[in-house]
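To start, the structure itself, in structure tokens.
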Amino acid sequence: MSAETDTKLIAVEIMGKQYHVPDGMTVIGTMWYTGHNIIRGVGCLGGVCGACSTVYRTKDDFALKVGLGCQMKVEDGMSFFMTPFYPAAKPNYKVQEIEKPKEELFRYFPEALNCRNCNACNKVCPQDIDIKGAVKDAVKGDFAASADKVLSCVMCGLCVSRCIAEMAPNMIALYARRTYSVFYATKHERLDQQMEKITGGEWNAEWENILALDTAGLKEYCKARR
Amino acid sequence: MDSLLEKYLGVIEATRDKRGAQAIPLLRDADVSKLLAAHHPDYRKEAYRPIAFGPNAGEQTVHELAALLEADSPLVAKPANLSRVDYEVDVLVLGGGGAGATAALKAREAGASVLVATKLRLGDSNTVMAEGGIQVAIKEDDSPVQHFVDAMHGGHYENDPRLLKVMVEDGPFAINWLDSLGVLFDRDDDGNLKVKKGGGTSRARLLACKDYTGLDMMRVLKDSVLNEDSIRIIEFAPAIELLTDAEGTVTGAVLQNLDVDQRIVVRAKSVVMATGGIGRLHIQNFPTSNHFGATGDALPLCYRVGARLAFPGTFQYHPTGAIYPEQMAGLLVTEAIRSGGAHLVNKNGERFVNEMEARDVVCAAIIRECAEGRGVTTPFGRQGVWLDIPVIDVVNGTGVVKRRYPGMLRKYERHGINISTQPVLIYPTLHYQNGGVAIGTDGQTAIAGLYVAGEASGGLHGTNRLMGNSLLDIIVFGSRAGLAAARRAKEVAFGELGTKHLEAFHKQMAKAGVKPTRTSPLMLPDYVRRPEAEAAG
Ligand SMILES: Cc1cc2nc3c(=O)[nH]c(=O)nc-3n(C[C@H](O)[C@H](O)[C@H](O)COP(=O)(O)OP(=O)(O)OC[C@H]3O[C@@H](n4cnc5c(N)ncnc54)[C@H](O)[C@@H]3O)c2cc1C
Ligand code: SF4
Ligand code: SF4
Ligand code: FES
């Protein structure tokens, strides 16, 4: 938009080359602004798909940091590149075929026991998830706690890239969350009752009546019931 | 603190009590019509023109879409070698969002061989972004009929009642299926599924996973697809043309490999088109809440093989898109925040519409406020009104905003705004394609072999979709289309691969006097700045 010209320019480095860009843009915005035609690395543009992992350093800081490129604002002196793909392995399982989720966890993810507490995963997580804790909960069999911790996981794989025990903490937590939902979460009487009623044809006569109405009739019918 | 906020915070806080006490009645029908006609973007005449030819010839749509429907196939300039078939499958699913993943799982379950081809990665979609929730009638005071009544009313009685009946009746079964795969919906204190109230509905009917509903659904669906060894997946390979036999039956598709310049030819007994919505066309220059790949590709692709579109001229602008800070422009502020009690407030500290009106009505009211000088301007020149979120905590107790909307809180926090204590600026954002390819109750189209599901389809929601009905739509019709596609695959043999349909398309084009200047689908929006090219003219 028009105010762009009034904002101050900052210097950033993309894959080792310097560019000057207006202050206030995201990493992905900066990529486009500087003429990079990126496809891999862009997904939702809303911070929930995890496509846009970005590795960066800030001015005068040695540490390599990571974040989501569609959410993170660039700053003066920042150096970054995007790493949209981690070829992480994933064990296959079918939730429907699992019988004892807590035991089978170790069949699919034997490495889950190897956590060395280094905390690298937590430090790197752009969603601030206690993913180390979620893995521990899963190992202890507290799937409820694990499920709760990882609700906002965008599966960006950044924790996988850092784990010194070579595990995929996000996959372990997803296993815990899915099986928690299927096996341990409370079931829904109301849902069951509703399905029974529908199968039993509870509203069939009403539907016949409704589908026979013309538009004016439908309108009248609906308005009377709101 | 931020200077824009500083200037207004006083007014917003000072008027909060008074606003809370204020009851704004829902508008009467006549007033709704007047407001929409005056201020809703769908009613802006200069934004529309008739479609020049094809099944919807003469019907009005926006310039952006008409241009794509009348554009040429990319195969004309650069034909694909159809004699070299790269994949042969029973069911080809185009699109890796919620509808596509569901169709793939169901078709597989029914015994079909399945290939999913998608534009970005599997799961990079509008589905993953959905925050608010999914509608289903399960409370004692509710029924599928009541759900139908609300959706009809919301859709201005233009909905196809047969499609709608199917959605509301299949609804509880769809939720049960998601539950069986491991989607973890919020529970209430009794352990039952928690239901919230959404805009435009007469009953509380919204299930959610806090404000990450689509994320949890998509994560589980994607994981389920990945766990099916036999479902093949090609990422970064959007469809650019459907293929047909001499009778016009759809027999496959051509994909474009986005990593290397190659075409991929797929032969299939059925094709399920689940390529989602259209937000990235930035219709009428609106910002959008949609993911990067939402360029409405199904519409030109299906139109070219002769499928009709239902309601190609109506779009949903979500009332509350962020406009400030600039990096967030277009991003959605979940409707659940409005249903949760937040106020819409103009520059003078006044509420101006009942926040629980249907989306199009709220949207028109916000546009009216700005058009009549009661909006607030951002440093980047965008106009909008305030969404007073902190009032939720003032009324319900500190911490409620944080607990109920963790996703929203995080998104703003990243830019230094705390929504528990600070209001945010919003303006309507292009959000949803109400119409789409016309379908029947199994996602079938008038073209044999072609099924359409999800946001790409049209008819179910009439001219205005209610919150939470789209997530249900994609599961219900994703399932039905997947199953129907698999059934067909059992009955038919593989067909010839050709582009005969393009001959008919070109004839109509010539007759209408249209000379194509571009190709469609768009595939991806182009945001790359090219100063040299611009300077060179
Ligand atoms: C921010 C946001 C919040 C929302 N909140 C809610 C909500 O709370 N409740 C609700 O009910 N609805 C909500 N919606 C709407 C709902 O999420 C979508 O309408 C629905 O998820 C669409 O699902 P879909 O599978 O049809 O399309 P999508 O999920 O968009 O999937 C389409 C897929 O097809 C791919 N694709 C596109 N073109 C091609 C091509 N040519 N070839 C191959 N693949 C292609 C896309 O990249 C994408 O992966 C929201 C939408 C957004 C954007
Ligand atoms: S837990 Fe891992 S995969 Fe999930 S968001 Fe955090 S870093 Fe990304
Ligand atoms: S990075 Fe791996 S080893 Fe380190 S704490 Fe996390 S899970 Fe454990
Ligand atoms: S593009 Fe989806 S999280 Fe950044």
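Ordering of the structure tokens sets the chain letters (A, B, ...); residue numbers start at 1 within each chain; ligands are numbered from 1 in the order shown.
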Exercise. Identify all chain A residues at most 7 Å from chain B by counting only C-alpha atoms; ligands do not count. Present them as a PyMOL selection string.
Key: chain A and resi 1-3+24-26+32-37+42-46+48-49+92-95+152+178-179+181-182+186-188+190-191+194-195+198+219+222+226
Self-check item: Surrounding residues of segment 59-64 of chain B excluding itself and chain neighbours under 5 positions, 8 Å, only C-alpha atoms, as number ranges by chain
Solution: B: 47-51, 281, 283, 312-314
Quiz item: So which residues are near ligand 2, meaning at most 6 Å away with only C-alpha atoms and all ligand atoms counted, given back as a PyMOL selection string?
Solution: chain A and resi 124-127+129+131+153-159+170
Write the residues you've just listed into a file as a compact mmCIF listing (two decimals), in the first residue's frame, and include C-alpha atoms for each of them.
```txt
# COMPACT_ATOMS: atom_id res chain seq x y z
CA VAL A 124 13.00 -24.36 18.57
CA CYS A 125 9.22 -24.74 18.56
CA PRO A 126 7.57 -21.72 16.90
CA GLN A 127 4.32 -22.53 18.69
CA ILE A 129 4.78 -26.09 22.73
CA ILE A 131 6.96 -30.85 23.08
CA CYS A 153 1.33 -28.17 16.65
CA VAL A 154 1.67 -27.15 13.00
CA MET A 155 3.85 -30.17 12.14
CA CYS A 156 6.60 -27.92 10.85
CA GLY A 157 9.19 -30.53 11.80
CA LEU A 158 11.59 -28.04 13.37
CA CYS A 159 11.76 -30.11 16.56
CA ASN A 170 5.74 -34.22 16.90
```
Quiz item: Interatomic distance between atom CA of Ala310 of chain B and atom CA of Gly58 of chain B?
Solution: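 Computed distance, atom CA of Ala310 of chain B to atom CA of Gly58 of chain B, equals 13.2 Å.
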Quiz prompt | Spatial neighbours of Leu9 of chain A, max dist 7 Å, only C-alpha atoms, sep filter under 2 positions, as a VMD selection string | solution = chain A and resid 7 11 20 to 23
Would you save the residues of that selection, restricted to N, CA, C and O atoms, as a short mmCIF file (atom, residue, chain, number, x, y, z; two decimals), in the first residue's frame?
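Below is the file out-v4.cif, written as the result:
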```cif
data_model
loop_
_atom_site.label_atom_id
_atom_site.label_comp_id
_atom_site.auth_asym_id
_atom_site.auth_seq_id
_atom_site.Cartn_x
_atom_site.Cartn_y
_atom_site.Cartn_z
N THR A 7 8.05 4.41 4.87
CA THR A 7 8.67 3.66 5.95
C THR A 7 10.16 3.54 5.71
O THR A 7 10.64 3.54 4.60
N ALA A 11 18.29 -3.32 6.29
CA ALA A 11 19.14 -4.21 5.50
C ALA A 11 18.97 -5.65 5.99
O ALA A 11 19.04 -5.91 7.19
N HIS A 20 17.88 -4.29 0.60
CA HIS A 20 17.27 -3.25 1.43
C HIS A 20 15.76 -3.29 1.22
O HIS A 20 15.29 -3.26 0.08
N VAL A 21 15.04 -3.39 2.31
CA VAL A 21 13.59 -3.53 2.20
C VAL A 21 12.91 -2.63 3.23
O VAL A 21 13.50 -2.30 4.25
N PRO A 22 11.65 -2.26 2.96
CA PRO A 22 10.93 -1.43 3.94
C PRO A 22 10.72 -2.20 5.24
O PRO A 22 10.49 -3.41 5.21
N ASP A 23 10.76 -1.52 6.32
CA ASP A 23 10.54 -2.13 7.63
C ASP A 23 9.08 -2.61 7.73
O ASP A 23 8.20 -2.00 7.14
#
```
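Shortest separation to ligand 3 among A:Cys121, A:Val150, A:Val160, A:Leu218 occurs at residue A:Cys121, atoms counted being only C-alpha atoms and all ligand atoms.
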Can you build me a table of chain A residues sitting at most 6 Å from ligand 3, with the closest atom pair per residue and its distance in Å to one decimal, using only C-alpha atoms and all ligand atoms, sorted by chain and residue number, as a Markdown table?
```
| residue | atom | partner | partner_atom_place_in_ligand_line | distance |
| --- | --- | --- | --- | --- |
| A:Cys115 | CA | ligand 3 | 8 (Fe) | 3.7 |
| A:Arg116 | CA | ligand 3 | 3 (S) | 4.3 |
| A:Asn117 | CA | ligand 3 | 5 (S) | 3.9 |
| A:Cys118 | CA | ligand 3 | 4 (Fe) | 3.9 |
| A:Asn119 | CA | ligand 3 | 5 (S) | 3.9 |
| A:Ala120 | CA | ligand 3 | 1 (S) | 4.5 |
| A:Cys121 | CA | ligand 3 | 1 (S) | 4.1 |
| A:Lys132 | CA | ligand 3 | 6 (Fe) | 4.7 |
| A:Arg162 | CA | ligand 3 | 1 (S) | 5.8 |
| A:Cys163 | CA | ligand 3 | 1 (S) | 3.5 |
| A:Ile164 | CA | ligand 3 | 3 (S) | 5.1 |
| A:Ala165 | CA | ligand 3 | 3 (S) | 4.6 |
| A:Pro169 | CA | ligand 3 | 7 (S) | 5.5 |
```
